[in-house]
Every structure is written in structure tokens, then in C-alpha cells.
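Presented below is the structure to which this report refers.
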Amino acid sequence: MQSLLRWSVENSAPSTGPAPTTTNKLDPGIIDHILGKPDAQLMKEALSVGLDERQAEDDRLQALDDLEMLVQNIDNANDLKKLGIWEPLHSLLLAPNTTDALKMQTLWIIGTALQNNPAASTRPIFMFMFDPQQYLELDPLPTLLKSLSPTSNTAETRSRAVYALSGLLKLNAAAVQQMGVVGGWSAFRMCLEDSEIRVRRKITFLLNTLLLPTSSPSSANLQSNMSLPSSNNAPVHANSHASMLSDPSSVSTCGITLAALQSANIEGGVGEGSLLDALISALTEPVPFGPDGENDKDDEFQENIVRILYTFVTSCGGTFSDAQKHCLWGFLGATTQAADDLNFGLTSGEWEELCGAVRS
């Protein structure tokens, strides 16, 4: 501040006498101190420290934490590709010397950037320009799915991997289509038995989100009176307003997820059958969780699975096999007899619909 005052005095015009012929340039460092550096510069500097293996790990983690704060801004998230940040950021997940703590923080950044999803907000969709295809171009699914493995990742890292996957997959049919190719659904099935209950909760919540049919453009808050790109060569980005209007199937993940739930099922029994079988088993005979396997029931996890089953039946027109009905009715029927008001988060009407589908 003293330097700024001195510069102001030295360069102000005196009341008498000739005007000064020279001026002293203000130190750019002083300007940065007063006004702050542009976010783009801060992001690049934070990434540079985060990638630098010569830096102390605590300093790298702090830099990555700063970057995560910056990408909470939708404009900054959209600038990741322009600034060349996506590729080196993803490479940090692949680097052999990346510790679990650094991987966890990197997943947090990726997830936060990807969560800037247009239809996930109540704000008008034309206010969003972020394109998750920017990250999908790096073929990130195998790496993100590998981060779900409990053999090489801590519980916190696995939880943040689900967070990143959620941002990438929601309303992104292209990404969900790749799940079957890279073993994604098998990885999700594994998560249903994760010792960390947060992973189970998040993966079931995500599954229901992917299974829900996409709302019509009008109900998704799309401004249909807005013009699509006027040029035939203008890009139409995934998850963008133009994409949702020109190709609603690009954001529809319901059909792909429904097929994944039922795959290898139909006549299969509960247990080693489909993903739907695994969900029913996780509801009726959950694997104990916790550091020492001391817990065997979690209300939120159960509610999430029951919600998936309800969506499967009512929104997707799904039907249960005889074996699935037998297993489910043994659980739901006993629950109904034990407590009339225990509907696992469903309304009484929704509960009756689900029970009716199981009894039919």
C-alpha cells in the first residue's frame, strides 16, 4: 500500500509548474497484490505445484485444494481444456509415485469440475457451457473405476472416485455406453459390498439417477425458444443446451442402465446373476460393513435400493423374475408386518405399487 501511495504522489500533477515528462511504472507485483491474480493464472500455478514431485506433499495437497476451490466456478471449470489442465490433471491419477492422498485430492477436483452439469441445476440451462466430453476424450473411465478397488485405495479415495464418476456419467449417454465395455457395471456391483458405507450409498444413489428416464426438454428447464447454432458446422457439445434440444437421447441414460440391470438375468437366480440380483441381495442379505464388519444395516443404503426397485418397476416398466419376487416378498412382507409406517423412504402409494409388482 505504501508503494501505491508513493507512486500516486510521484505521478500526480502539481498545482503549478510544467506537467511531468516521465512517469514511474507501477510494479506488476503490487497490482497483483491489490487486485489479485486472474483465476486462470492461479489455476495454472496451483496445478504446477500439484504436479511437482520436488515439492513437499503437504504443499502439493494444498495447491490441489486451491485448484478444487477455483473449479467450483463454472467459468473456471470450462476453462480447464483451454488452459491445458485436463490432461496433466488426469495423468496425476496414473503416475506411479502419486500417493493415495494426492489421488484423493485429484479425484475431488475432477468431480467438482464435472458436477457443473446443466440439467442438475435449477438455473436456466443456457447459463451453462461446461462440456464433460472434454474429459471423456481422455478415456478416463478405466482409471476412475480402478480407483474403486478397495485393495489399492482408501475408503475416502473410493468415495471421491464415485463422486467423479457421478459427474461424468449423469446425463451423459456416451459415457454410460462405455460402462459395459470397460467393466463398469461389475465395478458398481463390487461397490455394493464395500466396507465403506458411504461408497455403497453413493453408488446406489447414482444408479437410481442413471435409471431415471430423462424429463422432457421443457421440464428440464430448457429454453426451447433459444436458437441452436446457426452454422451447420457449429459444434454441439454433450450436455449442452443445443445437444439436449437437437438430440435428447444424448442425455438419456435410462435405457442403457436398464439393460445393464437386467443383463444375464431373466432366468437367473439371486446371487451370481445380474446387477439387479446383486441389488436385491444387498437389500435382503447385506454384507457387514465398517472397519471390523461390525454393522449389517444402514437405513440410507436400504432406502436407495428400494428407490431403485421402485424406479425399475414404475418408470422403466421392469418386471422381477419369480426368484426375485420370492426373495423380495420375504423381505418386504416381513417389513410390512413389523412396522406399517416403514416404507424405506417411499410414500404409502409408492410402497403399494412396489409391493404390488412383487406380489404379481
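Letters A, B, ... go to the chains of the C-alpha cells in the order shown; residues in each chain start at 1; ligands are counted from 1 in the same order.
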Practice task
Using DSSP on the backbone coordinates, identify all residues within region 45-103 of chain A classified as helix (DSSP H, G or I); present the result as a PyMOL selection string.
Solution key: chain A and resi 45-51+57-70+74-78+86-94+100-103
Problem - Residues within 12 Å of region 292-295 of chain A, only C-alpha atoms, excluding chain neighbours under 5 positions, as a PyMOL selection string - result: chain A and resi 193-197+286-287
Residue selection dump (N, CA, C and O atoms) as a CSV table (one decimal), in the first residue's frame:
chain,number,residue,atom,x,y,z
A,193,GLU,N,-20.8,-54.1,-1.9
A,193,GLU,CA,-20.3,-54.9,-0.8
A,193,GLU,C,-19.1,-54.1,-0.2
A,193,GLU,O,-18.3,-54.7,0.6
A,194,ASP,N,-18.9,-52.9,-0.5
A,194,ASP,CA,-17.7,-52.1,0.0
A,194,ASP,C,-17.8,-52.0,1.5
A,194,ASP,O,-18.9,-51.8,2.1
A,195,SER,N,-16.7,-52.1,2.2
A,195,SER,CA,-16.7,-51.9,3.6
A,195,SER,C,-17.0,-50.5,4.1
A,195,SER,O,-17.4,-50.3,5.3
A,196,GLU,N,-16.8,-49.5,3.2
A,196,GLU,CA,-17.2,-48.1,3.5
A,196,GLU,C,-18.6,-47.9,3.1
A,196,GLU,O,-18.9,-47.9,1.9
A,197,ILE,N,-19.5,-47.6,4.0
A,197,ILE,CA,-20.9,-47.5,3.7
A,197,ILE,C,-21.2,-46.3,2.8
A,197,ILE,O,-22.1,-46.3,2.0
A,286,PRO,N,-27.5,-58.0,3.4
A,286,PRO,CA,-26.3,-57.2,3.2
A,286,PRO,C,-25.0,-57.7,3.8
A,286,PRO,O,-25.1,-58.3,4.9
A,287,VAL,N,-23.9,-57.5,3.1
A,287,VAL,CA,-22.6,-57.9,3.7
A,287,VAL,C,-22.3,-56.9,4.8
A,287,VAL,O,-22.4,-55.6,4.6
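Between CA of Ala161 (chain A) and CA of Gly184 (chain A) the separation is 12.5 Å.
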Practice task
For region 72-74 of chain A, work out the shell of residues within 7 Å, counting only C-alpha atoms and skipping chain neighbours fewer than 3 positions away, then give it as a PyMOL selection string.
Solution key: chain A and resi 68-69+77-78+112-113+116
Could you write out the selected residues, including C-alpha atoms, as a short mmCIF file (atom, residue, chain, number, x, y, z; two decimals), in the first residue's frame?
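Below is the file that was written, result-v9.cif:
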data_model
loop_
_atom_site.label_atom_id
_atom_site.label_comp_id
_atom_site.auth_asym_id
_atom_site.auth_seq_id
_atom_site.Cartn_x
_atom_site.Cartn_y
_atom_site.Cartn_z
CA GLU A 68 -10.55 -27.51 -6.40
CA MET A 69 -11.88 -24.29 -4.89
CA ALA A 77 -14.28 -25.37 -14.91
CA ASN A 78 -15.00 -24.64 -18.54
CA THR A 112 -16.13 -30.84 -8.72
CA ALA A 113 -15.45 -29.72 -12.28
CA ASN A 116 -21.04 -28.40 -13.16
#
Exercise for the section: Considering only C-alpha atoms, return as a VMD selection string whatever protein or nucleic-acid residues lie within 6 Å of region 37-50 of chain A, sequence-local ones (same chain, fewer than 3 positions apart) excluded. Expected result: chain A and resid 32 60 63 to 64 67
For C-alpha atoms, I'd like the residues from the last selection saved as an mmCIF file, in the first residue's frame.
data_model
loop_
_atom_site.group_PDB
_atom_site.id
_atom_site.type_symbol
_atom_site.label_atom_id
_atom_site.label_comp_id
_atom_site.auth_asym_id
_atom_site.auth_seq_id
_atom_site.Cartn_x
_atom_site.Cartn_y
_atom_site.Cartn_z
ATOM 1 C CA ASP A 32 -1.367 -8.439 -8.301
ATOM 2 C CA ARG A 60 1.120 -30.229 -3.286
ATOM 3 C CA ALA A 63 -2.181 -26.437 -4.161
ATOM 4 C CA LEU A 64 -4.630 -29.062 -5.372
ATOM 5 C CA LEU A 67 -7.428 -25.668 -7.557
#
Between region 66-127 of chain A and region 133-152 of chain A, at 10 Å or less, what are the per-residue closest atom pairs and their distances in Å? Count only C-alpha atoms, order by chain and rising residue number, and return it as a tab-separated table.
residue	atom	partner	partner_atom	distance
A:Asn78	CA	A:Gln134	CA	9.0
A:Leu80	CA	A:Gln134	CA	8.7
A:Lys81	CA	A:Gln134	CA	6.7
A:Lys82	CA	A:Gln134	CA	9.9
A:Trp86	CA	A:Tyr135	CA	6.6
A:Glu87	CA	A:Leu138	CA	7.2
A:His90	CA	A:Pro140	CA	7.6
A:Ser91	CA	A:Leu138	CA	9.7
A:Leu93	CA	A:Thr143	CA	7.4
A:Leu94	CA	A:Thr143	CA	7.5
A:Asp100	CA	A:Ser152	CA	8.6
A:Lys103	CA	A:Ser147	CA	8.7
A:Met104	CA	A:Ser147	CA	9.1
A:Leu107	CA	A:Leu144	CA	8.3
A:Ile110	CA	A:Tyr135	CA	8.8
A:Ala113	CA	A:Tyr135	CA	9.8
A:Leu114	CA	A:Tyr135	CA	8.5
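Distance-wise, CA of Ala259 (chain A) and CA of Thr314 (chain A) end up 15.6 Å apart.
Among the candidate residues A:Leu212, A:Val71, A:Leu258, A:Ala278, the one lying nearest to Phe188 (chain A) is A:Ala278, with distances computed using only C-alpha atoms.
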